[in-house]
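Participant: Pasting a structure below so you can have a look.
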Amino acid sequence: LVSALANELTRLVGAEHIVTDALARFSTDASEAHGVAGHADAAVMPGSAQEVADVLAWCYAHDVAVVPRGGGSGYVGGAVPVDGGAVIALERLTAIRELAPLQWRAHVEAGLSTRHVQRLARENGLYYAPDPGAAEQSQIGGNVATNAGGPHAFKYGVTGAWVTGLEVAVAPGELIEVGGPTRKDVGGYDLRSLLIGSEGTLGVVTAVWLKLLPAPEQRYPLAAMCADARHAGEAIAAVFGSGVVPSAMEFLDAHTLELAGPPFPDAPSATGVLVIAEADGTGPAAAAARGELLEALREHATSVHAPTNSAEIAALWRWRDEVSLRVVAQRGGKLSEDVAVPVDRLVELLEGLTEIGTRHGLDTCSWGHAGDGNVHATFLVRRDRPEEVARAERAAHELFALTVRLGGAVSGEHGLGVVKRGALKLQWDEKARELHAAVKAAFDPKGLLNPGKKDAFSGPADRASA
Ligand SMILES: Cc1cc2nc3c(=O)[nH]c(=O)nc-3n(C[C@H](O)[C@H](O)[C@H](O)COP(=O)(O)OP(=O)(O)OC[C@H]3O[C@@H](n4cnc5c(N)ncnc54)[C@H](O)[C@@H]3O)c2cc1C
């Protein structure tokens, strides 16, 4: 079958767009520290949406598993071909099908990088706010498939909030459109929302309609150093109390600051928790909001860094973008979870995380999207020490249980992929998980679309241990 697969896919996409050896670059993603690796029988790079549908049709007819791949920046092994089959890499689908600045919208193909979409908006006076941290590498199709967030999701919503329509190749191999350029569409069940965040298990996204916003004129981040998690929690509560909606509200704990290096010149030594809240808007509105945020934060912080010049502001956000990579550079590997809790339970989660990490003898730190209660709970590991990785996996499992007890979600951003397979057992009732499985079966009766991913039933996690 492997040679028939190669021959047929070559016929469909051309010999230069299929890889059957040198498959290493398709065998992992950013989840490598979990030891997730796979091996594809072939990888194809279709040149059009129709070719994607044709490849899917052939694979579906011949019972070959299909693994969609964007930029490979996912943290849960979603794009890893764990059970072989064909990887469909979207990297050649980069056309901008329509850009309508006056209508604040764009229609782009799935393989365009997130950074490219952000730049396209900016160059036309518009704003695409979702800013997941690997923007150079990740693709808009991958962002849709994971419903990616980022710092500015707090005010502006995650990727899905910007999507008005999708073009998707679905089983057994045809293109459908759900939604489009229209902003409102409630006729049918909301298939678009089902596909958003479906991690390649329901279909292959080939193009996306995005709504955009006029770019805010000004942005003013404020970086408040707080003595500890409790004071940081009070600062966050004070921002909520101020009534100003910050465009982003982030936090980074003391150990993260130690590992990632100073966030700005003359930063006080990293002994506390840093809260970054940003005001944006038209010039006067942003300045007024900045004043109110400053007042709210000051009361709970030991110092506040409040840059107003654009180079300093850009430098602060660049530093924030690099935190994940700077932290991982310390030990070569990390297990970084992305749990989310109601914001008023954030401090309990952070204290619980410290306790879990200490008990398991792990080097632990955390940062994340404070306003959304979304924590990148991180256990640093050496990848060549399987025992350490196993300990971190056990600690992560305890963290999921704690998160659920606090009313939270096992994944706020990265999805389940293969790494968190079954973790939904901790969070969802059996009936809800049955409906989840029924949706999968309706889209993919043969179970060939990204098999083993986003599974609500199988996997190690168990409600009994919660
Ligand atoms: C340094 C760093 C920082 C990060 N920061 C954030 C962050 O702030 N917020 C956040 O949400 N995530 C973050 N991530 C995780 C990751 O970047 C996102 O999950 C991103 O959306 C994945 O996009 P991708 O194109 O790389 O997808 P991939 O990793 O290639 O795939 C991810 C999943 O989507 C599926 N998929 C990909 N493309 C398609 C498609 N066209 N159609 C159907 N399914 C598809 C894959 O099968 C897989 O299940 C970060 C990752 C790194 C490495």
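Ligands are numbered from 1 in the order shown, chains are lettered A, B, ... in the order of the structure tokens, and residues start at 1 in each chain.
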What residues of the protein or nucleic acid chains come within 6 Å of ligand 1 when you use only C-alpha atoms and all ligand atoms? Reply as a PyMOL selection string.

Facilitator: chain A and resi 30+67-75+78-79+90+110+132-134+138-139+141-143+145-146+148-150+199-200+203-206+324-325+413-414+417

Participant: Taking the DSSP secondary structure from the backbone, can you list the residues of segment 87-327 of chain A that are strand (DSSP E), as a compact mmCIF listing (two decimals) with all heavy atoms, in the first residue's frame?

Facilitator:
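File part_8.txt, as written:
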# COMPACT_ATOMS: atom_id res chain seq x y z
N VAL A 87 0.69 12.59 5.95
CA VAL A 87 0.61 13.95 6.48
C VAL A 87 0.22 14.87 5.33
O VAL A 87 0.80 14.80 4.24
CB VAL A 87 1.99 14.39 7.04
CG1 VAL A 87 2.01 15.90 7.31
CG2 VAL A 87 2.30 13.63 8.33
N ILE A 88 -0.80 15.70 5.56
CA ILE A 88 -1.12 16.75 4.58
C ILE A 88 -0.60 18.06 5.15
O ILE A 88 -1.15 18.58 6.14
CB ILE A 88 -2.64 16.85 4.30
CG1 ILE A 88 -3.17 15.53 3.73
CG2 ILE A 88 -2.92 18.01 3.34
CD1 ILE A 88 -4.64 15.58 3.30
N ALA A 89 0.49 18.56 4.57
CA ALA A 89 1.08 19.81 5.05
C ALA A 89 0.53 20.95 4.20
O ALA A 89 0.53 20.88 2.97
CB ALA A 89 2.60 19.74 4.96
N ILE A 96 -3.71 34.98 -0.63
CA ILE A 96 -4.68 35.90 -0.02
C ILE A 96 -5.79 36.02 -1.04
O ILE A 96 -5.62 36.65 -2.09
CB ILE A 96 -4.01 37.26 0.25
CG1 ILE A 96 -2.91 37.06 1.29
CG2 ILE A 96 -5.02 38.29 0.74
CD1 ILE A 96 -1.82 38.09 1.25
N ARG A 97 -6.90 35.40 -0.78
CA ARG A 97 -7.95 35.35 -1.80
C ARG A 97 -8.70 36.67 -1.92
O ARG A 97 -9.15 37.04 -2.98
CB ARG A 97 -8.94 34.23 -1.48
CG ARG A 97 -8.31 32.83 -1.61
CD ARG A 97 -9.37 31.78 -1.45
NE ARG A 97 -8.83 30.44 -1.54
CZ ARG A 97 -9.54 29.36 -1.27
NH1 ARG A 97 -10.80 29.46 -0.89
NH2 ARG A 97 -8.99 28.18 -1.38
N GLU A 98 -8.83 37.34 -0.80
CA GLU A 98 -9.47 38.66 -0.85
C GLU A 98 -9.02 39.47 0.37
O GLU A 98 -8.89 38.91 1.47
CB GLU A 98 -11.00 38.54 -0.79
CG GLU A 98 -11.69 39.89 -1.01
CD GLU A 98 -13.12 39.97 -0.46
OE1 GLU A 98 -13.43 39.28 0.54
OE2 GLU A 98 -13.90 40.76 -1.01
N LEU A 99 -8.73 40.74 0.12
CA LEU A 99 -8.49 41.63 1.25
C LEU A 99 -9.39 42.84 1.02
O LEU A 99 -9.30 43.49 -0.03
CB LEU A 99 -7.03 42.07 1.29
CG LEU A 99 -6.71 43.06 2.39
CD1 LEU A 99 -6.85 42.43 3.77
CD2 LEU A 99 -5.30 43.62 2.22
N ALA A 100 -10.27 43.10 1.95
CA ALA A 100 -11.22 44.20 1.79
C ALA A 100 -11.07 45.13 3.00
O ALA A 100 -11.84 45.04 3.95
CB ALA A 100 -12.64 43.65 1.67
N ARG A 105 -12.14 43.01 6.38
CA ARG A 105 -12.16 41.55 6.31
C ARG A 105 -11.11 41.02 5.34
O ARG A 105 -10.64 41.74 4.45
CB ARG A 105 -13.55 41.03 5.99
CG ARG A 105 -13.96 41.11 4.60
CD ARG A 105 -15.29 40.43 4.31
NE ARG A 105 -15.41 40.50 2.86
CZ ARG A 105 -16.34 41.17 2.21
NH1 ARG A 105 -17.30 41.79 2.86
NH2 ARG A 105 -16.33 41.21 0.90
N ALA A 106 -10.77 39.75 5.55
CA ALA A 106 -9.80 39.09 4.67
C ALA A 106 -10.22 37.64 4.48
O ALA A 106 -10.86 37.04 5.36
CB ALA A 106 -8.41 39.15 5.30
N HIS A 107 -9.84 37.11 3.33
CA HIS A 107 -10.10 35.70 3.03
C HIS A 107 -8.75 35.10 2.64
O HIS A 107 -8.20 35.44 1.60
CB HIS A 107 -11.11 35.62 1.87
CG HIS A 107 -11.53 34.23 1.53
ND1 HIS A 107 -12.05 33.91 0.30
CD2 HIS A 107 -11.51 33.08 2.24
CE1 HIS A 107 -12.34 32.62 0.28
NE2 HIS A 107 -12.02 32.10 1.44
N VAL A 108 -8.22 34.26 3.49
CA VAL A 108 -6.85 33.79 3.27
C VAL A 108 -6.80 32.26 3.32
O VAL A 108 -7.64 31.61 3.94
CB VAL A 108 -5.88 34.35 4.35
CG1 VAL A 108 -5.84 35.86 4.30
CG2 VAL A 108 -6.27 33.88 5.75
N GLU A 109 -5.77 31.72 2.67
CA GLU A 109 -5.62 30.27 2.70
C GLU A 109 -4.95 29.82 4.00
O GLU A 109 -4.22 30.59 4.66
CB GLU A 109 -4.87 29.80 1.46
CG GLU A 109 -5.75 29.94 0.22
CD GLU A 109 -5.20 29.28 -1.03
OE1 GLU A 109 -3.98 29.00 -1.09
OE2 GLU A 109 -6.00 29.07 -1.97
N LEU A 126 -5.38 47.93 9.77
CA LEU A 126 -6.32 47.09 10.51
C LEU A 126 -5.57 46.27 11.57
O LEU A 126 -4.34 46.31 11.67
CB LEU A 126 -7.07 46.17 9.55
CG LEU A 126 -7.99 46.91 8.56
CD1 LEU A 126 -8.49 45.96 7.49
CD2 LEU A 126 -9.16 47.56 9.29
N TYR A 127 -6.33 45.49 12.30
CA TYR A 127 -5.77 44.76 13.43
C TYR A 127 -6.32 43.34 13.43
O TYR A 127 -7.54 43.14 13.36
CB TYR A 127 -6.18 45.49 14.71
CG TYR A 127 -5.59 44.97 16.00
CD1 TYR A 127 -4.26 44.56 16.08
CD2 TYR A 127 -6.37 44.90 17.15
CE1 TYR A 127 -3.73 44.11 17.27
CE2 TYR A 127 -5.84 44.45 18.36
CZ TYR A 127 -4.52 44.05 18.40
OH TYR A 127 -4.00 43.61 19.59
N VAL A 163 -13.21 34.44 13.17
CA VAL A 163 -13.50 33.63 11.99
C VAL A 163 -14.99 33.72 11.66
O VAL A 163 -15.83 33.36 12.47
CB VAL A 163 -13.11 32.16 12.25
CG1 VAL A 163 -13.54 31.27 11.08
CG2 VAL A 163 -11.61 32.04 12.50
N THR A 164 -15.30 34.20 10.44
CA THR A 164 -16.71 34.22 10.03
C THR A 164 -17.03 33.05 9.11
O THR A 164 -18.20 32.74 8.89
CB THR A 164 -17.08 35.54 9.32
OG1 THR A 164 -16.24 35.68 8.17
CG2 THR A 164 -16.89 36.73 10.22
N GLY A 165 -16.01 32.41 8.55
CA GLY A 165 -16.29 31.29 7.65
C GLY A 165 -15.07 30.44 7.42
O GLY A 165 -13.93 30.88 7.61
N LEU A 166 -15.33 29.20 7.02
CA LEU A 166 -14.24 28.26 6.74
C LEU A 166 -14.53 27.51 5.46
O LEU A 166 -15.69 27.18 5.16
CB LEU A 166 -14.14 27.21 7.86
CG LEU A 166 -13.73 27.69 9.26
CD1 LEU A 166 -13.83 26.53 10.24
CD2 LEU A 166 -12.31 28.24 9.23
N GLU A 167 -13.46 27.22 4.73
CA GLU A 167 -13.53 26.23 3.66
C GLU A 167 -12.75 25.03 4.18
O GLU A 167 -11.63 25.16 4.67
CB GLU A 167 -12.86 26.79 2.40
CG GLU A 167 -12.84 25.80 1.24
CD GLU A 167 -11.97 26.34 0.10
OE1 GLU A 167 -10.71 26.28 0.24
OE2 GLU A 167 -12.52 26.82 -0.90
N VAL A 168 -13.37 23.86 4.09
CA VAL A 168 -12.79 22.68 4.73
C VAL A 168 -12.94 21.47 3.82
O VAL A 168 -14.00 21.28 3.21
CB VAL A 168 -13.54 22.37 6.06
CG1 VAL A 168 -12.81 21.29 6.86
CG2 VAL A 168 -13.68 23.61 6.91
N ALA A 169 -11.88 20.66 3.73
CA ALA A 169 -12.00 19.37 3.04
C ALA A 169 -12.46 18.36 4.08
O ALA A 169 -11.82 18.19 5.12
CB ALA A 169 -10.65 18.96 2.46
N VAL A 170 -13.62 17.75 3.80
CA VAL A 170 -14.18 16.78 4.76
C VAL A 170 -14.27 15.41 4.10
O VAL A 170 -14.26 15.28 2.87
CB VAL A 170 -15.59 17.22 5.25
CG1 VAL A 170 -15.49 18.45 6.12
CG2 VAL A 170 -16.54 17.44 4.08
N GLU A 174 -14.44 15.91 0.03
CA GLU A 174 -15.00 17.04 -0.73
C GLU A 174 -14.86 18.34 0.06
O GLU A 174 -14.71 18.33 1.28
CB GLU A 174 -16.45 16.78 -1.11
CG GLU A 174 -17.35 16.45 0.04
CD GLU A 174 -18.60 15.70 -0.44
OE1 GLU A 174 -19.47 16.37 -1.02
OE2 GLU A 174 -18.70 14.49 -0.24
N LEU A 175 -14.95 19.43 -0.71
CA LEU A 175 -14.81 20.74 -0.07
C LEU A 175 -16.18 21.25 0.35
O LEU A 175 -17.13 21.17 -0.42
CB LEU A 175 -14.19 21.73 -1.05
CG LEU A 175 -12.70 21.59 -1.34
CD1 LEU A 175 -12.27 22.58 -2.42
CD2 LEU A 175 -11.86 21.81 -0.07
N ILE A 176 -16.26 21.78 1.58
CA ILE A 176 -17.49 22.46 2.00
C ILE A 176 -17.12 23.87 2.48
O ILE A 176 -15.97 24.13 2.82
CB ILE A 176 -18.24 21.72 3.13
CG1 ILE A 176 -17.34 21.59 4.38
CG2 ILE A 176 -18.74 20.37 2.67
CD1 ILE A 176 -18.12 21.23 5.65
N GLU A 177 -18.13 24.74 2.46
CA GLU A 177 -17.96 26.06 3.05
C GLU A 177 -18.97 26.19 4.18
O GLU A 177 -20.15 25.90 3.98
CB GLU A 177 -18.21 27.15 2.02
CG GLU A 177 -17.07 27.31 1.05
CD GLU A 177 -17.32 28.40 0.01
OE1 GLU A 177 -18.38 29.07 0.09
OE2 GLU A 177 -16.47 28.56 -0.87
N VAL A 178 -18.53 26.58 5.34
CA VAL A 178 -19.47 26.91 6.42
C VAL A 178 -19.18 28.35 6.82
O VAL A 178 -18.07 28.69 7.19
CB VAL A 178 -19.35 25.95 7.63
CG1 VAL A 178 -20.00 24.61 7.32
CG2 VAL A 178 -17.91 25.72 8.05
N GLY A 179 -20.21 29.18 6.71
CA GLY A 179 -20.00 30.61 6.90
C GLY A 179 -19.33 31.19 5.67
O GLY A 179 -19.25 30.54 4.62
N VAL A 204 -9.98 19.08 7.08
CA VAL A 204 -8.75 19.84 6.84
C VAL A 204 -9.14 21.24 6.39
O VAL A 204 -9.78 21.41 5.33
CB VAL A 204 -7.87 19.17 5.74
CG1 VAL A 204 -6.53 19.88 5.65
CG2 VAL A 204 -7.69 17.69 6.02
N VAL A 205 -8.80 22.23 7.18
CA VAL A 205 -9.14 23.62 6.85
C VAL A 205 -8.26 24.06 5.68
O VAL A 205 -7.03 23.91 5.73
CB VAL A 205 -8.89 24.55 8.06
CG1 VAL A 205 -9.15 26.01 7.70
CG2 VAL A 205 -9.73 24.12 9.25
N THR A 206 -8.89 24.60 4.64
CA THR A 206 -8.11 25.05 3.48
C THR A 206 -8.12 26.57 3.33
O THR A 206 -7.21 27.14 2.73
CB THR A 206 -8.63 24.39 2.18
OG1 THR A 206 -10.05 24.60 2.12
CG2 THR A 206 -8.33 22.90 2.16
N ALA A 207 -9.15 27.22 3.83
CA ALA A 207 -9.19 28.69 3.77
C ALA A 207 -10.09 29.23 4.88
O ALA A 207 -10.96 28.52 5.39
CB ALA A 207 -9.70 29.17 2.41
N VAL A 208 -9.84 30.50 5.23
CA VAL A 208 -10.49 31.11 6.39
C VAL A 208 -10.96 32.52 6.04
O VAL A 208 -10.19 33.29 5.46
CB VAL A 208 -9.48 31.22 7.57
CG1 VAL A 208 -10.16 31.71 8.83
CG2 VAL A 208 -8.77 29.90 7.83
N TRP A 209 -12.20 32.84 6.36
CA TRP A 209 -12.65 34.23 6.29
C TRP A 209 -12.46 34.85 7.66
O TRP A 209 -12.95 34.31 8.66
CB TRP A 209 -14.13 34.31 5.93
CG TRP A 209 -14.45 34.18 4.47
CD1 TRP A 209 -14.55 35.18 3.55
CD2 TRP A 209 -14.75 32.96 3.77
NE1 TRP A 209 -14.88 34.67 2.32
CE2 TRP A 209 -15.01 33.31 2.42
CE3 TRP A 209 -14.82 31.63 4.14
CZ2 TRP A 209 -15.33 32.37 1.46
CZ3 TRP A 209 -15.14 30.68 3.19
CH2 TRP A 209 -15.38 31.05 1.85
N LEU A 210 -11.78 35.97 7.68
CA LEU A 210 -11.51 36.63 8.96
C LEU A 210 -12.15 38.00 8.99
O LEU A 210 -12.13 38.72 7.98
CB LEU A 210 -10.00 36.83 9.13
CG LEU A 210 -9.16 35.56 9.27
CD1 LEU A 210 -7.68 35.92 9.16
CD2 LEU A 210 -9.46 34.86 10.58
N LYS A 211 -12.72 38.36 10.14
CA LYS A 211 -13.12 39.77 10.31
C LYS A 211 -11.99 40.46 11.06
O LYS A 211 -11.34 39.85 11.93
CB LYS A 211 -14.46 39.89 11.03
CG LYS A 211 -14.52 39.27 12.39
CD LYS A 211 -15.90 39.46 12.98
CE LYS A 211 -15.98 38.80 14.35
NZ LYS A 211 -17.31 38.79 14.91
N LEU A 213 -10.33 44.41 12.67
CA LEU A 213 -10.76 45.65 13.32
C LEU A 213 -9.82 46.78 12.92
O LEU A 213 -8.66 46.52 12.59
CB LEU A 213 -10.68 45.50 14.85
CG LEU A 213 -11.78 44.72 15.54
CD1 LEU A 213 -11.46 44.61 17.03
CD2 LEU A 213 -13.13 45.40 15.35
N PRO A 214 -10.29 48.01 12.98
CA PRO A 214 -9.34 49.12 12.82
C PRO A 214 -8.27 49.02 13.91
O PRO A 214 -8.59 48.68 15.05
CB PRO A 214 -10.21 50.37 13.02
CG PRO A 214 -11.60 49.91 12.78
CD PRO A 214 -11.66 48.48 13.19
N GLN A 218 -2.96 53.58 19.88
CA GLN A 218 -1.93 53.55 20.91
C GLN A 218 -2.06 52.32 21.78
O GLN A 218 -3.17 51.83 21.98
CB GLN A 218 -2.08 54.76 21.86
CG GLN A 218 -1.64 56.07 21.30
CD GLN A 218 -0.12 56.14 21.11
OE1 GLN A 218 0.61 55.25 21.53
NE2 GLN A 218 0.34 57.18 20.45
N ARG A 219 -0.93 51.86 22.29
CA ARG A 219 -0.98 50.82 23.32
C ARG A 219 0.04 51.15 24.40
O ARG A 219 1.16 51.59 24.09
CB ARG A 219 -0.74 49.45 22.73
CG ARG A 219 0.57 49.30 21.98
CD ARG A 219 0.69 47.93 21.35
NE ARG A 219 -0.45 47.66 20.50
CZ ARG A 219 -1.02 46.47 20.38
NH1 ARG A 219 -0.57 45.46 21.09
NH2 ARG A 219 -2.04 46.29 19.58
N TYR A 220 -0.38 50.99 25.61
CA TYR A 220 0.50 51.31 26.74
C TYR A 220 0.52 50.14 27.73
O TYR A 220 -0.38 50.03 28.57
CB TYR A 220 -0.02 52.55 27.48
CG TYR A 220 0.01 53.84 26.67
CD1 TYR A 220 -1.16 54.52 26.39
CD2 TYR A 220 1.22 54.36 26.22
CE1 TYR A 220 -1.15 55.71 25.67
CE2 TYR A 220 1.25 55.56 25.50
CZ TYR A 220 0.06 56.21 25.23
OH TYR A 220 0.07 57.39 24.52
N PRO A 221 1.52 49.30 27.66
CA PRO A 221 1.61 48.24 28.67
C PRO A 221 2.17 48.79 29.99
O PRO A 221 2.99 49.71 29.98
CB PRO A 221 2.60 47.25 28.05
CG PRO A 221 3.43 48.04 27.10
CD PRO A 221 2.60 49.22 26.66
N LEU A 222 1.70 48.24 31.08
CA LEU A 222 2.22 48.59 32.41
C LEU A 222 2.68 47.30 33.06
O LEU A 222 1.90 46.34 33.13
CB LEU A 222 1.10 49.21 33.25
CG LEU A 222 0.44 50.45 32.66
CD1 LEU A 222 -0.90 50.71 33.33
CD2 LEU A 222 1.36 51.65 32.83
N ALA A 223 3.92 47.28 33.51
CA ALA A 223 4.46 46.06 34.10
C ALA A 223 4.63 46.28 35.59
O ALA A 223 5.51 47.03 36.03
CB ALA A 223 5.79 45.70 33.45
N ALA A 224 3.76 45.65 36.38
CA ALA A 224 3.72 45.89 37.83
C ALA A 224 4.38 44.73 38.55
O ALA A 224 3.95 43.58 38.42
CB ALA A 224 2.27 46.03 38.28
N MET A 225 5.43 45.01 39.31
CA MET A 225 6.09 43.97 40.10
C MET A 225 5.35 43.86 41.45
O MET A 225 5.25 44.84 42.18
CB MET A 225 7.56 44.33 40.32
CG MET A 225 8.38 43.21 40.91
SD MET A 225 8.53 41.79 39.82
CE MET A 225 9.88 42.32 38.77
N CYS A 226 4.83 42.66 41.73
CA CYS A 226 4.08 42.45 42.97
C CYS A 226 4.89 41.53 43.87
O CYS A 226 5.65 40.68 43.38
CB CYS A 226 2.72 41.83 42.68
SG CYS A 226 1.74 42.83 41.53
N ALA A 248 -4.59 43.36 27.23
CA ALA A 248 -3.94 42.11 27.63
C ALA A 248 -3.71 42.21 29.13
O ALA A 248 -3.51 43.30 29.67
CB ALA A 248 -2.61 41.95 26.92
N MET A 249 -3.73 41.05 29.80
CA MET A 249 -3.35 41.05 31.23
C MET A 249 -2.61 39.73 31.49
O MET A 249 -3.21 38.67 31.56
CB MET A 249 -4.55 41.20 32.14
CG MET A 249 -4.10 41.35 33.57
SD MET A 249 -5.19 42.33 34.63
CE MET A 249 -6.75 41.54 34.43
N GLU A 250 -1.30 39.85 31.62
CA GLU A 250 -0.42 38.70 31.73
C GLU A 250 0.19 38.63 33.12
O GLU A 250 0.24 39.63 33.84
CB GLU A 250 0.73 38.84 30.72
CG GLU A 250 0.27 38.93 29.27
CD GLU A 250 -0.12 37.58 28.73
OE1 GLU A 250 0.76 36.71 28.55
OE2 GLU A 250 -1.34 37.39 28.49
N PHE A 251 0.71 37.44 33.48
CA PHE A 251 1.51 37.36 34.71
C PHE A 251 2.70 36.45 34.46
O PHE A 251 2.67 35.58 33.58
CB PHE A 251 0.67 36.81 35.89
CG PHE A 251 0.61 35.31 35.90
CD1 PHE A 251 1.51 34.57 36.66
CD2 PHE A 251 -0.29 34.65 35.11
CE1 PHE A 251 1.49 33.19 36.63
CE2 PHE A 251 -0.32 33.27 35.07
CZ PHE A 251 0.57 32.53 35.83
N LEU A 252 3.76 36.67 35.22
CA LEU A 252 4.94 35.80 35.15
C LEU A 252 5.48 35.67 36.56
O LEU A 252 5.68 36.69 37.24
CB LEU A 252 6.01 36.42 34.23
CG LEU A 252 5.51 36.72 32.81
CD1 LEU A 252 5.21 38.20 32.64
CD2 LEU A 252 6.52 36.27 31.78
N VAL A 273 6.07 38.57 41.56
CA VAL A 273 5.28 38.17 40.38
C VAL A 273 5.00 39.42 39.56
O VAL A 273 4.56 40.44 40.10
CB VAL A 273 3.95 37.51 40.83
CG1 VAL A 273 3.06 37.21 39.64
CG2 VAL A 273 4.25 36.23 41.61
N LEU A 274 5.29 39.34 38.26
CA LEU A 274 5.07 40.49 37.40
C LEU A 274 3.69 40.38 36.76
O LEU A 274 3.33 39.33 36.22
CB LEU A 274 6.15 40.51 36.29
CG LEU A 274 6.22 41.78 35.45
CD1 LEU A 274 6.78 42.94 36.29
CD2 LEU A 274 7.11 41.58 34.22
N VAL A 275 2.92 41.47 36.84
CA VAL A 275 1.62 41.53 36.15
C VAL A 275 1.75 42.59 35.07
O VAL A 275 2.17 43.71 35.34
CB VAL A 275 0.49 41.92 37.14
CG1 VAL A 275 -0.82 42.15 36.39
CG2 VAL A 275 0.31 40.85 38.20
N ILE A 276 1.44 42.20 33.82
CA ILE A 276 1.47 43.18 32.73
C ILE A 276 0.04 43.43 32.29
O ILE A 276 -0.67 42.50 31.89
CB ILE A 276 2.28 42.67 31.52
CG1 ILE A 276 3.71 42.29 31.94
CG2 ILE A 276 2.32 43.72 30.41
CD1 ILE A 276 4.55 41.70 30.80
N ALA A 277 -0.40 44.69 32.40
CA ALA A 277 -1.74 45.05 31.90
C ALA A 277 -1.54 46.14 30.86
O ALA A 277 -0.70 47.03 31.04
CB ALA A 277 -2.62 45.55 33.03
N GLU A 278 -2.27 46.05 29.78
CA GLU A 278 -2.06 47.02 28.69
C GLU A 278 -3.35 47.78 28.40
O GLU A 278 -4.43 47.18 28.30
CB GLU A 278 -1.60 46.27 27.43
CG GLU A 278 -1.27 47.22 26.28
CD GLU A 278 -0.96 46.45 25.00
OE1 GLU A 278 -1.90 45.85 24.43
OE2 GLU A 278 0.19 46.46 24.56
N ALA A 279 -3.20 49.10 28.23
CA ALA A 279 -4.33 49.93 27.78
C ALA A 279 -4.15 50.18 26.30
O ALA A 279 -3.03 50.40 25.84
CB ALA A 279 -4.32 51.25 28.53
N ASP A 280 -5.23 50.15 25.52
CA ASP A 280 -5.10 50.52 24.11
C ASP A 280 -6.33 51.32 23.68
O ASP A 280 -7.27 51.48 24.45
CB ASP A 280 -4.87 49.28 23.21
CG ASP A 280 -6.12 48.44 23.01
OD1 ASP A 280 -7.15 48.68 23.69
OD2 ASP A 280 -6.08 47.53 22.16
N GLY A 281 -6.28 51.82 22.46
CA GLY A 281 -7.42 52.59 21.94
C GLY A 281 -6.93 53.79 21.15
O GLY A 281 -5.76 53.87 20.79
N SER A 303 6.61 48.17 42.43
CA SER A 303 7.02 49.17 41.42
C SER A 303 6.25 48.90 40.13
O SER A 303 5.78 47.78 39.90
CB SER A 303 8.52 49.08 41.15
OG SER A 303 8.80 47.84 40.54
N VAL A 304 6.09 49.95 39.32
CA VAL A 304 5.41 49.78 38.03
C VAL A 304 6.28 50.40 36.93
O VAL A 304 6.65 51.57 37.02
CB VAL A 304 4.01 50.45 38.02
CG1 VAL A 304 3.32 50.19 36.68
CG2 VAL A 304 3.14 49.95 39.16
N HIS A 305 6.59 49.59 35.93
CA HIS A 305 7.31 50.08 34.75
C HIS A 305 6.25 50.49 33.74
O HIS A 305 5.39 49.68 33.37
CB HIS A 305 8.19 48.94 34.22
CG HIS A 305 8.83 49.20 32.89
ND1 HIS A 305 9.78 50.17 32.69
CD2 HIS A 305 8.67 48.58 31.69
CE1 HIS A 305 10.18 50.14 31.42
NE2 HIS A 305 9.53 49.19 30.80

Participant: Choose the residue, out of A:Phe400, A:Phe443, A:Trp162, A:Tyr189, that has the smallest atom-to-atom separation from Lys425 of chain A; count only C-alpha atoms.

Facilitator: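 Of A:Phe400, A:Phe443, A:Trp162, A:Tyr189, the one nearest Lys425 of chain A, counting only C-alpha atoms, is A:Phe400.
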
Participant: Contacts of segment 350-357 of chain A at 9 Å or less, counting only C-alpha atoms, minus same-chain residues fewer than 4 places along, as a list in words?

Facilitator: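 Here the qualifying residues turn out to be Ala229, Arg345, Leu346, Gly361, Leu362, Asp363, Thr364, Cys365, Ser366, Val375, Ala377, Phe379, Ala392, Ala395, Ala396, Glu398, Leu399 and Leu402 of chain A.
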
Participant: Just the selected residues (C-alpha atoms), exported as a JSON list (two decimals), in the first residue's frame, please.

Facilitator:
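Saved as selection_14.json:
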[["chain", "number", "residue", "atom", "x", "y", "z"],
["A", 229, "ALA", "CA", 1.08, 35.60, 44.03],
["A", 345, "ARG", "CA", -9.27, 30.90, 41.59],
["A", 346, "LEU", "CA", -5.98, 31.81, 39.90],
["A", 361, "GLY", "CA", 11.01, 17.38, 43.18],
["A", 362, "LEU", "CA", 10.55, 19.34, 39.95],
["A", 363, "ASP", "CA", 11.91, 22.67, 38.83],
["A", 364, "THR", "CA", 8.61, 24.50, 38.37],
["A", 365, "CYS", "CA", 7.58, 27.90, 37.07],
["A", 366, "SER", "CA", 4.51, 29.50, 35.56],
["A", 375, "VAL", "CA", -1.70, 29.35, 33.21],
["A", 377, "ALA", "CA", 2.25, 25.66, 34.29],
["A", 379, "PHE", "CA", 7.89, 21.65, 34.73],
["A", 392, "ALA", "CA", 6.52, 15.64, 35.42],
["A", 395, "ALA", "CA", 2.63, 16.11, 38.43],
["A", 396, "ALA", "CA", 0.72, 17.38, 35.37],
["A", 398, "GLU", "CA", -2.40, 16.12, 39.59],
["A", 399, "LEU", "CA", -2.50, 19.65, 38.23],
["A", 402, "LEU", "CA", -6.71, 20.44, 40.91]]

Participant: Could you give me, as a ChimeraX atom specification, the residues within 12 Å of Ala6 of chain A, counting only C-alpha atoms and dropping anything in the same chain fewer than 2 positions from it?

Facilitator: /A:1-4,8-21,40-44,55,58-59,64,85-87

Participant: So which one's closest to Thr94 of chain A, A:Arg119, A:Ile140, A:Ala442, A:Gly125? Using only C-alpha atoms, please.

Facilitator: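 Smallest separation from Thr94 of chain A among the options: A:Ile140.
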